[in-house]
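Chemist: What follows is a structure written as structure tokens; I'll ask about it next.
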Amino acid sequence: MTTELAVEAAAFLEAFLRIPSLSGQEAAAVEWLCTRMTELGYQAAPDEAGNAVGVRGSGSRELMLLGHIDTVPGRIPVRQMDGLLYGRGAVDAKGPLAAFVLAGARAALPPGIRLTVVGAVEEEVMSSRGANWLVEHHSRPDAVIIGEPSGWDGVVLGYKGSVAIEYRIVRPSAHAAGPSTTAAEDAVAFWNALVSWCDEQNAGRTRAFDCVTPTLLSIVTNGDGLTEQAWLRANLRLPPDFPPERAVAVAQRLAGAGEVVVTVNAAGFRVDKRSPLVSAFLSAIRELGGEPKLKVKTGTSDMNIVGPAWGCPIVAYGPGDSRLDHTPNEHIAIDEFLRGIAVLQRAIERIAAQIVGGRWGDES
């Protein structure tokens with residue numbers, strides 16, 4: 001990549017980061033991205049869900065690059081310093097999405113294939129609105145690349161599933177010296193029972209990706225002198241072999257006198273490393289001097305939504321260090337971003353040629 005193109009790419013991402021796009025508030029960023037995609041040669045417009053969608057090429061075959069445009073809260077001043085670009089979304093996941101757009105614009109596409117780039121809305125919240133809308137309204141692509149940070153030399157094969165748990169108990173107030181438990185104690189007892197159950201499920205499992213992982217997000221208590229209440233919010237991360245319905249049933253059983261609401265985000269999902277997408281990325285990374293790394297992630301992404309629904313070859317890829325996701329120090333190395341664009345351009349060209357050339361399997 002020439003120096004001029006490198007400067008333009010960094011400026012593109014910096015401008016993108018300067019537009020806030022919290023989940024549910026993505027419209028301004030979607031409008032900006034559609035305008036820029038149009039300037040880069042895409043046919044671009046928001047879809048009915050509010051996703052930013054850009055298309056290059058034409059034909060009956062389709063390669064989709066599915067990133068997300070929303071971010072978690074937390075304002076981080078956007079700035080470049082010492083080769084690093086700071087800003088909310090630099091890693092998760094405007095950086096990967098910007099790399100999709102720029103690589104897709106530069107890729108040479110053979111006749112007969114469409115390259116679709118999507119900046120999905122509401123990935124960072126339980127609704128996954130953008131991805132779910134695509135599953136319901138968009139025909140199955142031939143292959144999908146999910147835009148999440150893998151590192152420029154990494155490829156992600158799978159993500160854990162996720163369920164959200166809300167526990168609430170209301171009981172008559174009682175003297176603290178009496179024999180009755182308090183609402184706060186009941187909430188803590190529920191949490192401890194949930195953790196113990198997770199420990200039982202994890203017996204013999206050594207990798208974090210294979211374990212059921214509980215996280216306590218918040219606990220609040222109050223009272224008015226007549227009643228006392230306690231609320232608890234938690235999350236369970238589930239491996240691909242663990243049905244979310246099982247976690248729902250257990251949470252309801254452990255609630256006792258309390259009330260529990262469990263919301264399933266998605267089941268865990270993983271692809272086989274022999275996927276043709278994986279091979280294309282491994283080759284592209286090696287061509288640029290990297291030693292490829294195959295990864296699985298303990299978080300959840302839109303791969304969990306579209307992967308099982310479409311059943312086509314799918315992986316996740318994107319520049320950036322995922323350890324910086326959601327942190328107050330979120331940033332991406334500009335060199336990492338540029339390498340990611342170069343890998344993606346090579347991978348897109350190889351995958352597109354294989355799809356239209358008839359050398360493409362349906363395994364996922």
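We label chains A, B, ... in the order they appear in the structure tokens, count residues from 1 in each chain, and number ligands from 1 in the order shown.
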Range 135-151 of chain A: which residues within 6 Å, counting only C-alpha atoms, same-chain residues fewer than 2 positions away excluded, as number ranges by chain?

Modeler: A: 62-67, 93, 96-97, 132-133, 153-155, 310, 312-322

Chemist: Please list as a ChimeraX atom specification every residue within 9 Å of Val260 in chain A, counting only C-alpha atoms and excluding residues in the same chain fewer than 4 positions away.

Modeler: /A:165-169,251-252,255

Chemist: Could you please take those selected residues and save N, CA, C and O atoms as a compact mmCIF listing (two decimals), in the first residue's frame?

Modeler:
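Result went into result-v1.txt, see below:
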```
# COMPACT_ATOMS: atom_id res chain seq x y z
N ILE A 165 -29.61 -13.06 32.52
CA ILE A 165 -30.46 -13.48 33.63
C ILE A 165 -30.79 -12.27 34.50
O ILE A 165 -29.89 -11.54 34.92
N GLU A 166 -32.08 -12.08 34.76
CA GLU A 166 -32.52 -11.04 35.68
C GLU A 166 -33.33 -11.72 36.80
O GLU A 166 -34.34 -12.37 36.53
N TYR A 167 -32.84 -11.57 38.02
CA TYR A 167 -33.49 -12.18 39.20
C TYR A 167 -34.06 -11.06 40.07
O TYR A 167 -33.40 -10.02 40.28
N ARG A 168 -35.27 -11.27 40.60
CA ARG A 168 -35.89 -10.26 41.47
C ARG A 168 -36.65 -10.98 42.57
O ARG A 168 -37.33 -11.97 42.34
N ILE A 169 -36.53 -10.45 43.78
CA ILE A 169 -37.31 -10.98 44.90
C ILE A 169 -37.84 -9.83 45.73
O ILE A 169 -37.15 -8.82 45.95
N ALA A 251 -31.83 -21.82 35.69
CA ALA A 251 -32.01 -20.53 36.35
C ALA A 251 -33.41 -20.43 36.96
O ALA A 251 -33.58 -19.92 38.08
N GLN A 252 -34.39 -20.92 36.24
CA GLN A 252 -35.75 -20.88 36.78
C GLN A 252 -35.90 -21.79 38.00
O GLN A 252 -36.59 -21.44 38.96
N ALA A 255 -34.33 -20.22 41.19
CA ALA A 255 -34.89 -18.93 41.65
C ALA A 255 -35.65 -19.04 42.95
O ALA A 255 -35.75 -18.07 43.71
```

Chemist: Could I get the residues of range 37-150 of chain A with an atom no further than 8 Å from an atom of range 4-27 of chain A, each paired with its nearest atom pair and that distance in Å to one decimal, using only C-alpha atoms, sorted by chain and residue number, as JSON lines?

Modeler:
```
{"residue": "A:Gly50", "atom": "CA", "partner": "A:Ala27", "partner_atom": "CA", "distance": 7.1}
{"residue": "A:Ile69", "atom": "CA", "partner": "A:Ser21", "partner_atom": "CA", "distance": 6.9}
{"residue": "A:Asp70", "atom": "CA", "partner": "A:Ser23", "partner_atom": "CA", "distance": 5.0}
{"residue": "A:Thr71", "atom": "CA", "partner": "A:Leu22", "partner_atom": "CA", "distance": 4.9}
{"residue": "A:Val72", "atom": "CA", "partner": "A:Leu22", "partner_atom": "CA", "distance": 5.9}
{"residue": "A:Pro73", "atom": "CA", "partner": "A:Leu22", "partner_atom": "CA", "distance": 6.2}
{"residue": "A:Val78", "atom": "CA", "partner": "A:Arg18", "partner_atom": "CA", "distance": 6.4}
{"residue": "A:Arg79", "atom": "CA", "partner": "A:Glu14", "partner_atom": "CA", "distance": 7.6}
{"residue": "A:Leu85", "atom": "CA", "partner": "A:Glu14", "partner_atom": "CA", "distance": 7.3}
{"residue": "A:Gly87", "atom": "CA", "partner": "A:Leu17", "partner_atom": "CA", "distance": 6.0}
{"residue": "A:Arg88", "atom": "CA", "partner": "A:Leu17", "partner_atom": "CA", "distance": 6.7}
{"residue": "A:Gly89", "atom": "CA", "partner": "A:Leu17", "partner_atom": "CA", "distance": 6.5}
{"residue": "A:Ala90", "atom": "CA", "partner": "A:Leu17", "partner_atom": "CA", "distance": 6.8}
{"residue": "A:Lys94", "atom": "CA", "partner": "A:Leu17", "partner_atom": "CA", "distance": 7.1}
{"residue": "A:Gly95", "atom": "CA", "partner": "A:Leu13", "partner_atom": "CA", "distance": 6.6}
{"residue": "A:Ala98", "atom": "CA", "partner": "A:Leu13", "partner_atom": "CA", "distance": 6.1}
{"residue": "A:Leu102", "atom": "CA", "partner": "A:Ala9", "partner_atom": "CA", "distance": 7.4}
{"residue": "A:Val121", "atom": "CA", "partner": "A:Ser23", "partner_atom": "CA", "distance": 6.7}
{"residue": "A:Glu122", "atom": "CA", "partner": "A:Ser23", "partner_atom": "CA", "distance": 4.8}
{"residue": "A:Glu123", "atom": "CA", "partner": "A:Ser23", "partner_atom": "CA", "distance": 7.4}
{"residue": "A:Glu124", "atom": "CA", "partner": "A:Ser23", "partner_atom": "CA", "distance": 6.5}
{"residue": "A:Val125", "atom": "CA", "partner": "A:Ser23", "partner_atom": "CA", "distance": 6.8}
```

Chemist: Nearest to Ile334 in chain A among A:Ala99, A:Ile219, A:Ala203, A:Val118, with distances taken over only C-alpha atoms: which residue is it?

Modeler: A:Ala99

Chemist: Give the answer as one residue: which of A:Asn202, A:Ser58, A:Thr227, A:Thr221 has the shortest atom-to-atom distance to Gly112 in chain A, using only C-alpha atoms?

Modeler: A:Ser58

Chemist: Excluding Gly258 in chain A and its own-chain neighbours fewer than 5 positions away, which residues fall within 12 Å of it when counting only C-alpha atoms? Please give them as a VMD selection string.

Modeler: chain A and resid 166 to 171 183 to 191 229 to 232 251 to 253

Chemist: Find the residue from A:Gly299, A:Ala352, A:Val278, A:Gly119 that sits nearest to Gly57 in chain A; use only C-alpha atoms when measuring.

Modeler: A:Ala352

Chemist: Give me, as JSON, numbers by chain, the residues of range 21-267 of chain A that a backbone DSSP run labels strand (DSSP E).

Modeler: {"A": [43, 44, 45, 46, 52, 53, 54, 55, 56, 57, 61, 62, 63, 64, 65, 66, 67, 68, 79, 80, 81, 84, 85, 86, 113, 114, 115, 116, 117, 118, 119, 120, 143, 144, 145, 146, 147, 154, 155, 156, 157, 158, 159, 161, 162, 163, 164, 165, 166, 167, 168, 169, 170, 171, 172, 213, 214, 215, 216, 217, 218, 219, 220, 221, 222, 223, 227, 228, 229, 230, 231, 232, 233, 234, 235, 236, 237, 238, 259, 260, 261, 262, 263, 264, 265, 266]}

Chemist: Those residues you just picked out, can you put them in a file as a PDB file, in the first residue's frame with C-alpha atoms?

Modeler:
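Once everything was written out, this is part-v6.pdb:
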```pdb
ATOM      1  CA  GLN A  43     -24.301   0.982  -4.496  1.00  0.00           C
ATOM      2  CA  ALA A  44     -25.094   1.920  -0.915  1.00  0.00           C
ATOM      3  CA  ALA A  45     -28.130   2.724   1.225  1.00  0.00           C
ATOM      4  CA  PRO A  46     -29.620   1.800   4.599  1.00  0.00           C
ATOM      5  CA  ALA A  52     -25.597   0.318   6.238  1.00  0.00           C
ATOM      6  CA  VAL A  53     -25.412  -1.816   3.078  1.00  0.00           C
ATOM      7  CA  GLY A  54     -23.034  -1.425   0.141  1.00  0.00           C
ATOM      8  CA  VAL A  55     -22.863  -3.675  -2.930  1.00  0.00           C
ATOM      9  CA  ARG A  56     -20.209  -4.032  -5.640  1.00  0.00           C
ATOM     10  CA  GLY A  57     -20.557  -6.258  -8.679  1.00  0.00           C
ATOM     11  CA  ARG A  61     -23.436 -15.496  -6.227  1.00  0.00           C
ATOM     12  CA  GLU A  62     -22.708 -13.412  -3.134  1.00  0.00           C
ATOM     13  CA  LEU A  63     -19.885 -12.899  -0.672  1.00  0.00           C
ATOM     14  CA  MET A  64     -21.035 -10.940   2.381  1.00  0.00           C
ATOM     15  CA  LEU A  65     -18.785  -8.999   4.734  1.00  0.00           C
ATOM     16  CA  LEU A  66     -20.891  -8.484   7.859  1.00  0.00           C
ATOM     17  CA  GLY A  67     -19.551  -6.061  10.443  1.00  0.00           C
ATOM     18  CA  HIS A  68     -21.352  -3.946  13.004  1.00  0.00           C
ATOM     19  CA  ARG A  79      -6.688  11.011  18.219  1.00  0.00           C
ATOM     20  CA  GLN A  80      -3.636   9.601  16.474  1.00  0.00           C
ATOM     21  CA  MET A  81      -0.526   9.262  18.592  1.00  0.00           C
ATOM     22  CA  LEU A  84      -1.974   4.374  17.297  1.00  0.00           C
ATOM     23  CA  LEU A  85      -5.525   5.541  16.609  1.00  0.00           C
ATOM     24  CA  TYR A  86      -7.696   5.951  19.698  1.00  0.00           C
ATOM     25  CA  ILE A 113     -20.513 -12.234  -8.017  1.00  0.00           C
ATOM     26  CA  ARG A 114     -21.780  -9.555  -5.684  1.00  0.00           C
ATOM     27  CA  LEU A 115     -19.698  -8.299  -2.789  1.00  0.00           C
ATOM     28  CA  THR A 116     -22.014  -7.032  -0.044  1.00  0.00           C
ATOM     29  CA  VAL A 117     -20.654  -5.050   2.900  1.00  0.00           C
ATOM     30  CA  VAL A 118     -23.032  -4.613   5.853  1.00  0.00           C
ATOM     31  CA  GLY A 119     -22.594  -2.411   8.899  1.00  0.00           C
ATOM     32  CA  ALA A 120     -25.188  -4.003  11.171  1.00  0.00           C
ATOM     33  CA  ALA A 143     -20.006 -17.163   2.173  1.00  0.00           C
ATOM     34  CA  VAL A 144     -19.845 -14.689   5.060  1.00  0.00           C
ATOM     35  CA  ILE A 145     -16.958 -12.942   6.793  1.00  0.00           C
ATOM     36  CA  ILE A 146     -17.872 -11.454  10.180  1.00  0.00           C
ATOM     37  CA  GLY A 147     -16.108  -8.215  11.120  1.00  0.00           C
ATOM     38  CA  GLY A 154      -5.671 -14.347  13.161  1.00  0.00           C
ATOM     39  CA  VAL A 155      -8.877 -16.049  12.027  1.00  0.00           C
ATOM     40  CA  VAL A 156     -11.760 -16.724  14.427  1.00  0.00           C
ATOM     41  CA  LEU A 157     -13.592 -20.028  14.099  1.00  0.00           C
ATOM     42  CA  GLY A 158     -16.232 -19.635  16.795  1.00  0.00           C
ATOM     43  CA  TYR A 159     -17.868 -17.757  19.655  1.00  0.00           C
ATOM     44  CA  GLY A 161     -23.314 -18.337  23.275  1.00  0.00           C
ATOM     45  CA  SER A 162     -24.904 -15.950  25.732  1.00  0.00           C
ATOM     46  CA  VAL A 163     -27.967 -15.738  27.979  1.00  0.00           C
ATOM     47  CA  ALA A 164     -28.937 -12.823  30.209  1.00  0.00           C
ATOM     48  CA  ILE A 165     -30.462 -13.483  33.629  1.00  0.00           C
ATOM     49  CA  GLU A 166     -32.522 -11.044  35.685  1.00  0.00           C
ATOM     50  CA  TYR A 167     -33.492 -12.179  39.200  1.00  0.00           C
ATOM     51  CA  ARG A 168     -35.893 -10.262  41.471  1.00  0.00           C
ATOM     52  CA  ILE A 169     -37.308 -10.980  44.896  1.00  0.00           C
ATOM     53  CA  VAL A 170     -39.747  -8.969  47.050  1.00  0.00           C
ATOM     54  CA  ARG A 171     -40.476  -9.921  50.636  1.00  0.00           C
ATOM     55  CA  PRO A 172     -41.894  -8.344  53.827  1.00  0.00           C
ATOM     56  CA  THR A 213     -18.959 -18.965  32.470  1.00  0.00           C
ATOM     57  CA  PRO A 214     -21.097 -16.890  34.884  1.00  0.00           C
ATOM     58  CA  THR A 215     -20.655 -13.127  35.269  1.00  0.00           C
ATOM     59  CA  LEU A 216     -22.415 -11.015  37.916  1.00  0.00           C
ATOM     60  CA  LEU A 217     -23.214  -7.660  36.314  1.00  0.00           C
ATOM     61  CA  SER A 218     -25.098  -5.852  39.095  1.00  0.00           C
ATOM     62  CA  ILE A 219     -27.036  -6.280  42.319  1.00  0.00           C
ATOM     63  CA  VAL A 220     -29.343  -3.623  43.809  1.00  0.00           C
ATOM     64  CA  THR A 221     -31.441  -3.604  46.987  1.00  0.00           C
ATOM     65  CA  ASN A 222     -33.925  -1.193  48.517  1.00  0.00           C
ATOM     66  CA  GLY A 223     -36.906  -1.077  50.848  1.00  0.00           C
ATOM     67  CA  THR A 227     -41.151  -4.531  51.956  1.00  0.00           C
ATOM     68  CA  GLU A 228     -37.617  -5.070  50.765  1.00  0.00           C
ATOM     69  CA  GLN A 229     -36.482  -5.909  47.275  1.00  0.00           C
ATOM     70  CA  ALA A 230     -33.359  -7.162  45.537  1.00  0.00           C
ATOM     71  CA  TRP A 231     -32.512  -7.243  41.809  1.00  0.00           C
ATOM     72  CA  LEU A 232     -29.646  -9.143  40.282  1.00  0.00           C
ATOM     73  CA  ARG A 233     -28.362  -9.094  36.690  1.00  0.00           C
ATOM     74  CA  ALA A 234     -26.033 -11.794  35.429  1.00  0.00           C
ATOM     75  CA  ASN A 235     -24.804 -13.355  32.210  1.00  0.00           C
ATOM     76  CA  LEU A 236     -23.886 -16.898  31.257  1.00  0.00           C
ATOM     77  CA  ARG A 237     -21.484 -17.633  28.387  1.00  0.00           C
ATOM     78  CA  LEU A 238     -22.133 -21.053  26.895  1.00  0.00           C
ATOM     79  CA  GLU A 259     -38.739 -14.346  39.941  1.00  0.00           C
ATOM     80  CA  VAL A 260     -36.303 -14.862  37.103  1.00  0.00           C
ATOM     81  CA  VAL A 261     -36.352 -13.748  33.469  1.00  0.00           C
ATOM     82  CA  VAL A 262     -33.813 -15.336  31.132  1.00  0.00           C
ATOM     83  CA  THR A 263     -33.189 -13.876  27.677  1.00  0.00           C
ATOM     84  CA  VAL A 264     -31.330 -15.976  25.125  1.00  0.00           C
ATOM     85  CA  ASN A 265     -29.033 -13.961  22.878  1.00  0.00           C
ATOM     86  CA  ALA A 266     -27.640 -16.900  20.918  1.00  0.00           C
TER      87      ALA A 266
END
```
